[in-house]
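Visitor: Structure incoming, see below.
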Amino acid sequence: MAAMLATAVASGSAACGGGRRSSEDPDHRLSSATERLLERARAEERAHRYDRARALYRRAARDAPDRASAARAWRELARARLFWGEIGDGEAALNRVVSLAPGDASAWHDLGVVRSRLGDAAGAEHALR
């Protein structure tokens, strides 16, 4: 089920424009320090060193110098946590994303999907509206 949820969230993100933003878009440019940490986290994740990846994603979110960088780091942490089957933690990370970037429709969509999977119909409806 966790893999299905991660796939649904990933495909929903792509449909809504989520995931990586173009570096050409100045409103979504990441700080170089955040990008470096996220690159390291993704490398650790690819190597199946999930504890190290988790720590790097958290550090990127914690140390991000601006809201856009923090939202992106929380977004990537949410994706990873959902993929790893850590659904409650993925939901918490998505909550951080929407608090930092309330206009991010793809984050709201993903939060709605996750809440629905967790059986929170009212919370899912709120997120999807």
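To be explicit about the labels: the chains of the structure tokens are called A, B, and onward in the order shown, and within each one the residues are counted from 1, while ligands get numbers from 1 in the order they are shown.
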Show me, as a PyMOL selection string, the residues that have an atom within 6 Å of stretch 59-64 of chain A when counting only C-alpha atoms, minus same-chain residues fewer than 4 positions from it.
Guide: chain A and resi 34+37+69-70+73-74
Visitor: Can I get the selected residues back with all heavy atoms, as a short mmCIF file (atom, residue, chain, number, x, y, z; two decimals), in the first residue's frame?
Guide:
```
data_model
loop_
_atom_site.label_atom_id
_atom_site.label_comp_id
_atom_site.auth_asym_id
_atom_site.auth_seq_id
_atom_site.Cartn_x
_atom_site.Cartn_y
_atom_site.Cartn_z
N THR A 34 20.94 24.58 0.20
CA THR A 34 19.82 23.64 0.27
C THR A 34 19.91 22.64 -0.86
O THR A 34 19.71 21.44 -0.66
CB THR A 34 18.48 24.41 0.22
OG1 THR A 34 18.42 25.33 1.32
CG2 THR A 34 17.30 23.46 0.30
N LEU A 37 22.50 19.97 -0.11
CA LEU A 37 22.02 18.99 0.87
C LEU A 37 21.01 18.04 0.26
O LEU A 37 21.04 16.83 0.53
CB LEU A 37 21.41 19.71 2.08
CG LEU A 37 22.41 20.34 3.04
CD1 LEU A 37 21.69 21.23 4.04
CD2 LEU A 37 23.22 19.27 3.75
N SER A 69 13.07 27.60 -0.31
CA SER A 69 14.02 26.50 -0.13
C SER A 69 13.51 25.53 0.94
O SER A 69 13.61 24.31 0.79
CB SER A 69 15.40 27.03 0.25
OG SER A 69 15.94 27.80 -0.81
N ALA A 70 12.95 26.08 2.01
CA ALA A 70 12.40 25.22 3.07
C ALA A 70 11.23 24.39 2.55
O ALA A 70 11.14 23.19 2.81
CB ALA A 70 11.96 26.06 4.26
N ALA A 73 12.56 21.58 0.43
CA ALA A 73 13.18 20.53 1.23
C ALA A 73 12.13 19.68 1.94
O ALA A 73 12.23 18.45 1.96
CB ALA A 73 14.15 21.15 2.25
N TRP A 74 11.11 20.34 2.51
CA TRP A 74 10.02 19.58 3.15
C TRP A 74 9.28 18.73 2.11
O TRP A 74 8.86 17.62 2.40
CB TRP A 74 9.07 20.51 3.88
CG TRP A 74 9.58 20.94 5.20
CD1 TRP A 74 10.07 22.17 5.55
CD2 TRP A 74 9.68 20.14 6.38
NE1 TRP A 74 10.47 22.17 6.85
CE2 TRP A 74 10.24 20.94 7.40
CE3 TRP A 74 9.37 18.81 6.68
CZ2 TRP A 74 10.48 20.47 8.68
CZ3 TRP A 74 9.61 18.33 7.96
CH2 TRP A 74 10.16 19.16 8.94
#
```
Visitor: Kindly give the distance, in Å, that separates atom CA of A:Ser106 and atom CA of A:Asp51, rounded to a single decimal.
Guide: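 These two atoms are separated by 26.5 Å.
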Visitor: Taking 6 positions as the minimum chain separation for residues in the same chain, which residues sit within 6 Å of stretch 75-80 of chain A when counting only C-alpha atoms? Answer as a PDB file with C-alpha atoms, in the first residue's frame.
Guide:
```
ATOM      1  CA  TYR A  57      16.475  15.964   4.123  1.00  0.00           C
ATOM      2  CA  GLY A  90       4.867  12.072   5.086  1.00  0.00           C
ATOM      3  CA  ALA A  93       6.002  16.949   6.099  1.00  0.00           C
ATOM      4  CA  LEU A  94       3.273  17.902   3.604  1.00  0.00           C
TER       5      LEU A  94
END
```
Visitor: Using only C-alpha atoms, which residue out of A:Arg49, A:Arg58, A:Arg67, A:His126 lies closest to A:Asp89?
Guide: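 Closest candidate: A:Arg58.
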Visitor: Leaving out A:Ala53 and any residue of its chain fewer than 2 positions from it, which residues lie within 8 Å of it when counting only C-alpha atoms, given as JSON, numbers by chain?
Guide: {"A": [40, 41, 42, 43, 44, 45, 49, 50, 51, 55, 56, 57]}
Visitor: To test your reading of the structure, identify every residue in stretch 15-116 of chain A that backbone DSSP assigns to alpha helix (DSSP H), and report it as a PyMOL selection string.
Guide: chain A and resi 15+32-46+50-63+67-83+87-100+105-116
Visitor: In Å to one decimal, how far is atom CA of A:Ala105 from atom CA of A:Arg29?
Guide: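 Pair atom CA of A:Arg29 / atom CA of A:Ala105 returns 17.9 Å.
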